[in-house]
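S.K.: Got a structure for you, query_33.txt, holding compact mmCIF, C-alpha atoms.
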# COMPACT_ATOMS: atom_id res chain seq x y z
CA MET A 480 -18.09 -4.92 28.24
CA VAL A 481 -19.51 -2.73 25.48
CA LEU A 482 -16.81 -0.74 23.68
CA GLU A 483 -17.70 2.71 22.41
CA ILE A 484 -15.43 3.93 19.67
CA ARG A 485 -16.30 7.53 20.52
CA ASP A 486 -14.66 7.02 23.92
CA MET A 487 -11.43 5.70 22.42
CA HIS A 488 -8.34 7.63 21.48
CA ILE A 489 -7.97 6.62 17.84
CA VAL A 490 -4.59 6.96 16.13
CA LEU A 491 -4.32 6.66 12.37
CA ALA A 492 -0.78 5.50 11.64
CA SER A 493 -0.77 6.98 8.15
CA GLY A 494 -0.21 10.32 6.49
CA SER A 495 -2.44 9.37 3.55
CA PRO A 496 -4.99 12.12 2.89
CA ARG A 497 -7.35 9.49 1.42
CA ARG A 498 -7.39 7.41 4.61
CA LYS A 499 -7.86 10.53 6.70
CA GLU A 500 -10.76 11.60 4.49
CA LEU A 501 -12.45 8.19 4.76
CA LEU A 502 -12.29 8.15 8.57
CA GLN A 503 -13.54 11.73 8.71
CA GLY A 504 -16.47 10.63 6.56
CA LEU A 505 -17.46 8.23 9.32
CA GLY A 506 -17.60 11.13 11.76
CA TRP A 507 -14.81 9.75 13.95
CA THR A 508 -12.42 11.88 16.00
CA PHE A 509 -8.83 10.71 15.66
CA SER A 510 -5.18 11.74 15.63
CA VAL A 511 -2.91 11.32 12.62
CA VAL A 512 0.53 10.01 13.55
CA PRO A 513 2.32 8.56 10.52
CA SER A 514 4.55 5.57 11.19
CA ASN A 515 8.16 5.72 10.03
CA VAL A 516 8.33 1.96 9.48
CA PRO A 517 9.87 1.11 6.07
CA GLU A 518 7.31 -0.17 3.57
CA ASP A 519 9.57 -2.76 1.96
CA PHE A 520 9.32 -6.49 2.69
CA PRO A 521 11.37 -9.63 1.97
CA PRO A 522 11.25 -10.82 -1.66
CA GLU A 523 10.17 -14.32 -0.61
CA MET A 524 6.85 -12.90 0.62
CA THR A 525 3.86 -12.65 -1.70
CA PRO A 526 2.52 -9.11 -2.22
CA GLU A 527 -0.37 -9.82 0.15
CA GLU A 528 1.94 -11.29 2.81
CA GLY A 529 4.19 -8.26 2.41
CA ALA A 530 1.33 -5.77 2.82
CA VAL A 531 0.15 -7.64 5.93
CA ASP A 532 3.67 -7.58 7.35
CA VAL A 533 4.07 -3.83 6.73
CA ALA A 534 0.65 -2.96 8.19
CA ARG A 535 1.34 -5.05 11.30
CA ARG A 536 4.73 -3.41 11.85
CA LYS A 537 3.22 0.07 11.44
CA ALA A 538 0.49 -0.64 13.98
CA GLU A 539 2.83 -2.23 16.51
CA ASP A 540 5.26 0.67 16.11
CA LEU A 541 2.61 3.22 17.12
CA ALA A 542 1.01 0.97 19.73
CA ARG A 543 4.23 1.04 21.74
CA ASN A 544 3.88 4.82 22.10
CA TYR A 545 0.07 4.82 22.44
CA PRO A 546 -0.69 1.72 24.53
CA ASP A 547 -4.22 2.81 25.43
CA ALA A 548 -5.21 3.93 21.93
CA LEU A 549 -6.91 2.16 19.07
CA VAL A 550 -4.19 2.21 16.43
CA ILE A 551 -5.23 1.79 12.80
CA ALA A 552 -2.53 1.08 10.21
CA ALA A 553 -2.74 0.06 6.59
CA ASP A 554 -0.57 -0.73 3.60
CA THR A 555 -1.74 -0.79 -0.01
CA VAL A 556 0.00 -2.48 -2.92
CA VAL A 557 -0.87 -2.58 -6.60
CA VAL A 558 -0.10 -5.99 -8.09
CA LEU A 559 0.32 -6.72 -11.79
CA GLU A 560 1.14 -10.35 -12.60
CA ASN A 561 2.66 -10.86 -9.12
CA ARG A 562 4.81 -7.73 -9.48
CA VAL A 563 4.29 -4.89 -7.02
CA LEU A 564 3.97 -1.41 -8.46
CA GLY A 565 4.87 1.05 -5.74
CA LYS A 566 4.79 4.84 -5.62
CA PRO A 567 6.61 6.38 -8.59
CA GLN A 568 9.60 8.56 -7.84
CA ASN A 569 9.39 10.65 -10.99
CA ARG A 570 7.39 11.20 -14.19
CA GLU A 571 9.25 8.48 -16.05
CA GLU A 572 8.33 5.85 -13.45
CA ALA A 573 4.72 7.05 -13.37
CA PHE A 574 4.50 6.85 -17.16
CA SER A 575 5.99 3.34 -17.13
CA MET A 576 3.55 2.07 -14.48
CA LEU A 577 0.48 3.47 -16.20
CA SER A 578 1.66 2.09 -19.54
CA GLN A 579 1.86 -1.36 -17.97
CA LEU A 580 -1.62 -1.05 -16.42
CA ALA A 581 -3.32 0.31 -19.55
CA GLY A 582 -5.89 -2.05 -21.05
CA ARG A 583 -5.23 -4.73 -18.44
CA GLN A 584 -6.49 -6.06 -15.12
CA HIS A 585 -4.53 -5.64 -11.90
CA VAL A 586 -5.22 -6.28 -8.22
CA VAL A 587 -5.15 -3.80 -5.35
CA VAL A 588 -4.42 -5.30 -1.94
CA THR A 589 -4.82 -3.31 1.26
CA ALA A 590 -3.82 -4.84 4.57
CA ILE A 591 -5.26 -3.36 7.78
CA ALA A 592 -3.84 -3.79 11.26
CA LEU A 593 -5.67 -2.78 14.44
CA CYS A 594 -3.99 -2.70 17.85
CA TYR A 595 -5.95 -2.09 21.05
CA LYS A 596 -5.23 -3.08 24.63
CA ASN A 597 -2.55 -5.67 23.82
CA ARG A 598 -4.60 -7.15 20.97
CA CYS A 599 -3.57 -6.83 17.33
CA LEU A 600 -5.69 -7.97 14.41
CA VAL A 601 -4.51 -8.02 10.79
CA ASP A 602 -6.50 -8.74 7.64
CA ALA A 603 -6.38 -7.90 3.95
CA GLU A 604 -8.80 -7.00 1.18
CA ARG A 605 -8.36 -7.63 -2.57
CA THR A 606 -10.04 -5.74 -5.41
CA LYS A 607 -9.68 -6.43 -9.12
CA VAL A 608 -9.33 -3.32 -11.29
CA TRP A 609 -9.62 -3.10 -15.08
CA PHE A 610 -7.97 -0.14 -16.84
CA ARG A 611 -9.20 1.28 -20.11
CA SER A 612 -6.89 1.31 -23.11
CA LEU A 613 -4.71 4.41 -23.12
CA THR A 614 -2.61 6.19 -25.71
CA LYS A 615 0.83 7.62 -24.99
CA GLU A 616 -0.77 11.07 -25.02
CA ASP A 617 -3.45 9.99 -22.53
CA ILE A 618 -0.81 8.79 -20.09
CA GLU A 619 1.38 11.85 -20.49
CA SER A 620 -1.61 14.10 -19.87
CA TYR A 621 -2.57 12.27 -16.67
CA VAL A 622 0.98 12.24 -15.33
CA ALA A 623 1.16 15.99 -15.98
CA LEU A 624 -1.74 16.48 -13.54
CA GLY A 625 0.58 15.52 -10.67
CA GLU A 626 -1.74 12.97 -9.06
CA SER A 627 0.60 10.02 -9.51
CA PHE A 628 3.40 10.68 -7.10
CA ASP A 629 2.05 9.62 -3.70
CA LYS A 630 -0.01 6.70 -4.92
CA ALA A 631 0.80 3.03 -5.45
CA GLY A 632 0.44 2.21 -9.14
CA ALA A 633 0.66 5.94 -10.02
CA TYR A 634 -3.08 6.66 -9.98
CA GLY A 635 -5.91 7.59 -7.63
CA ILE A 636 -9.37 6.18 -8.34
CA GLN A 637 -11.09 8.89 -6.28
CA ASP A 638 -9.72 11.80 -8.31
CA ARG A 639 -9.29 12.37 -12.02
CA GLY A 640 -7.77 8.91 -12.21
CA ALA A 641 -11.35 7.61 -12.00
CA LEU A 642 -11.45 8.09 -15.78
CA LEU A 643 -8.68 5.50 -16.15
CA VAL A 644 -10.77 2.74 -14.61
CA GLU A 645 -13.21 0.74 -16.74
CA ARG A 646 -14.60 -1.31 -13.86
CA ILE A 647 -13.73 -2.95 -10.56
CA GLU A 648 -14.68 -6.16 -8.80
CA GLY A 649 -14.65 -5.79 -5.04
CA CYS A 650 -14.42 -2.94 -2.55
CA PHE A 651 -14.06 0.56 -4.01
CA TYR A 652 -12.66 1.97 -0.75
CA ASN A 653 -9.96 -0.69 -0.84
CA VAL A 654 -8.62 0.92 -4.02
CA MET A 655 -8.61 4.26 -2.18
CA GLY A 656 -6.45 2.67 0.52
CA LEU A 657 -8.80 1.76 3.38
CA PRO A 658 -11.48 -0.92 2.92
CA LEU A 659 -14.14 0.33 5.30
CA PHE A 660 -16.20 -2.86 5.40
CA ARG A 661 -13.13 -4.91 6.38
CA LEU A 662 -12.24 -2.29 9.01
CA SER A 663 -15.77 -2.46 10.41
CA LYS A 664 -15.71 -6.26 10.69
CA MET A 665 -12.35 -6.16 12.45
CA LEU A 666 -13.69 -3.61 14.93
CA GLU A 667 -16.61 -5.92 15.65
CA GLU A 668 -14.08 -8.67 16.39
CA LEU A 669 -12.47 -6.32 18.93
CA GLY A 670 -15.88 -5.79 20.54
CA VAL A 671 -17.05 -2.56 18.88
CA SER A 672 -20.55 -3.16 17.47
CA LEU A 673 -21.73 -1.69 14.20
CA GLU A 674 -24.14 0.51 16.16
CA ALA A 675 -21.25 1.80 18.28
CA GLN A 676 -19.31 2.60 15.14
CA TRP A 677 -22.21 4.72 13.90
CA ARG A 678 -22.67 6.40 17.30
CA ALA A 679 -19.07 7.59 17.12
CA GLY A 680 -20.10 10.25 14.67
CA LEU A 681 -23.07 11.57 16.68
Turn the structure described in the file into structure tokens.
M.R.:
Amino acid sequence: MVLEIRDMHIVLASGSPRRKELLQGLGWTFSVVPSNVPEDFPPEMTPEEGAVDVARRKAEDLARNYPDALVIAADTVVVLENRVLGKPQNREEAFSMLSQLAGRQHVVVTAIALCYKNRCLVDAERTKVWFRSLTKEDIESYVALGESFDKAGAYGIQDRGALLVERIEGCFYNVMGLPLFRLSKMLEELGVSLEAQWRAGL
């Protein structure tokens, strides 16, 4: 059976405007239904294991309410020396996170979970990110822009935070929160061809 993604009811289990923007860029029609699953995970898990666990729980949570839909869930973590930097709660936390990242390499991990017709697939993508050196004034100026507060690691590579990043190794879209190549390969595993993924936007 050939699966056509344009015939599916797609549910994005995330309120992230970046993930919504990336799916819209593919021309897909979908619903946004954020999951209320907590994003914390047991301390004995590695950051990647934790992200995979959270993404799976988000997808399964929505799949129970949308059993005939293709549910897409994701969880992104910023990892510095095996420590997870989450979303800052205030300016002080944002300043602290960016100070730790300045002039150093960190890793962004995004786990994706897809649920469709009683099948659930989960995978993860890793991207290395190098930050430029930053002064105290640089960091204060960026935090003042207000971009930090809904983003893991307190920055967004797709906005003015792009000027923080010296280089990356791996998938750019992973750092935005949804690695599109990994998503595409997982859809192929479910039976949606690359051609069918393109046709969805026609």
S.K.: Put a box with edges along x, y and z around all the listed atoms of stretch 584-587 of chain A, pad it by 8 Å on each side, then give me its centre and sizes in Å, one decimal, as lines of an AutoDock Vina configuration file.
M.R.:
center_x = -5.5
center_y = -5.0
center_z = -10.2
size_x = 18.0
size_y = 18.5
size_z = 25.8
S.K.: Could you check which of A:Ala631, A:Gly582, A:Leu642, A:Ile636 is closest to A:Thr614, using only C-alpha atoms?
M.R.: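 Looking at the shortest contact to A:Thr614, the residue is A:Gly582.
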S.K.: Do you know which residues are at most 9 Å from stretch 662-664 of chain A counting all atoms listed in the file, after dropping those on the same chain fewer than 4 positions away, and could you put them as an MDAnalysis selection string?
M.R.: chainID A and resid 551 591:593 602 657:658 668:669 671:673 676
S.K.: Counting only C-alpha atoms, figure out which residue out of A:Ala679, A:Leu666, A:Leu580, A:Met655 gets nearest to A:Leu501.
M.R.: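 Nearest to A:Leu501: A:Met655.
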S.K.: At a cut-off of 9 Å around the point (2.6, -2.0, -8.1) (file coordinates), what residues fall inside when counting all atoms listed in the file? I'd like the answer as a CSV table (one decimal) with C-alpha atoms, keeping the file's coordinate frame.
M.R.:
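Listing of point-v9.csv after writing:
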chain,number,residue,atom,x,y,z
A,556,VAL,CA,0.0,-2.5,-2.9
A,557,VAL,CA,-0.9,-2.6,-6.6
A,558,VAL,CA,-0.1,-6.0,-8.1
A,559,LEU,CA,0.3,-6.7,-11.8
A,561,ASN,CA,2.7,-10.9,-9.1
A,562,ARG,CA,4.8,-7.7,-9.5
A,563,VAL,CA,4.3,-4.9,-7.0
A,564,LEU,CA,4.0,-1.4,-8.5
A,565,GLY,CA,4.9,1.0,-5.7
A,566,LYS,CA,4.8,4.8,-5.6
A,576,MET,CA,3.6,2.1,-14.5
A,585,HIS,CA,-4.5,-5.6,-11.9
A,586,VAL,CA,-5.2,-6.3,-8.2
A,587,VAL,CA,-5.2,-3.8,-5.4
A,631,ALA,CA,0.8,3.0,-5.4
A,632,GLY,CA,0.4,2.2,-9.1
A,633,ALA,CA,0.7,5.9,-10.0
S.K.: Using only C-alpha atoms for the distances, tell me which of A:Ala573, A:Glu674, A:Pro567, A:Val622 is nearest to A:Glu483.
M.R.: A:Glu674
S.K.: Rounded to one decimal in Å, what is the spacing between atom CA of A:Tyr652 and atom CA of A:Thr508?
M.R.: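 Between these atoms lies a distance of 19.5 Å.
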S.K.: Could you check how far atom CA of A:Glu500 sits from atom CA of A:Leu659, in Å to one decimal?
M.R.: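 So the two atoms, atom CA of A:Glu500 and atom CA of A:Leu659, lie 11.8 Å apart.
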S.K.: Taking into account only C-alpha atoms, which residue in the set A:Ser627, A:Ser612, A:Thr606, A:Ser620 is nearest to A:Ser578?
M.R.: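 Among the listed residues, A:Ser612 lies closest to A:Ser578.
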S.K.: Give me, please, the distance in Å between atom CA of A:Ala675 and atom CA of A:Ala603, quoted to one decimal.
M.R.: 22.8 Å
S.K.: Show me, as an MDAnalysis selection string, the residues that have an atom within 10 Å of stretch 517-519 of chain A when counting only C-alpha atoms, minus same-chain residues fewer than 6 positions from it.
M.R.: chainID A and resid 529:530 532:534 536:537 554:555 565
S.K.: Hey, which of A:Ala581, A:Arg543, A:Glu571, A:Pro521 ends up closest to A:Ala623? Count only C-alpha atoms.
M.R.: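 For A:Ala623, the nearest of the candidates is A:Glu571.
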S.K.: In terms of the shortest atom-to-atom distance over all atoms listed in the file, which of A:Arg535, A:Arg678, A:Arg485, A:Arg646 is closest to A:Arg598?
M.R.: A:Arg535
S.K.: For A:Gly506, please output as a PyMOL selection string all residues within 8 Å (counting all atoms listed in the file; exclusion window: fewer than 2 positions along the same chain).
M.R.: chain A and resi 502-504+508+679-681
S.K.: Please provide the set of residues having any atom within 8 Å of A:Gly640, restricted to all atoms listed in the file, with same-chain residues fewer than 6 positions apart removed, written as a list of chain:residue names.
M.R.: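 So the residues in contact are A:Tyr621, A:Glu626, A:Tyr634.
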S.K.: Select all residues near (-6.8, 4.8, 18.9) (cut-off 8 Å, inclusive, file coordinates), counting only C-alpha atoms, and output them as a list in words.
M.R.: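 The answer, in the requested form, is Met487, His488, Ile489, Val490, Leu491, Phe509, Ser510, Tyr545, Asp547, Ala548, Leu549, Val550, Ile551 and Tyr595 of chain A.
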S.K.: If you keep C-alpha atoms, can you produce a file of those selected residues as a tab-separated table (two decimals), keeping the file's coordinate frame?
M.R.:
chain	number	residue	atom	x	y	z
A	487	MET	CA	-11.43	5.70	22.42
A	488	HIS	CA	-8.34	7.63	21.48
A	489	ILE	CA	-7.97	6.62	17.84
A	490	VAL	CA	-4.59	6.96	16.13
A	491	LEU	CA	-4.32	6.66	12.37
A	509	PHE	CA	-8.83	10.71	15.66
A	510	SER	CA	-5.18	11.74	15.63
A	545	TYR	CA	0.07	4.82	22.44
A	547	ASP	CA	-4.22	2.81	25.43
A	548	ALA	CA	-5.21	3.93	21.93
A	549	LEU	CA	-6.91	2.16	19.07
A	550	VAL	CA	-4.19	2.21	16.43
A	551	ILE	CA	-5.23	1.79	12.80
A	595	TYR	CA	-5.95	-2.09	21.05
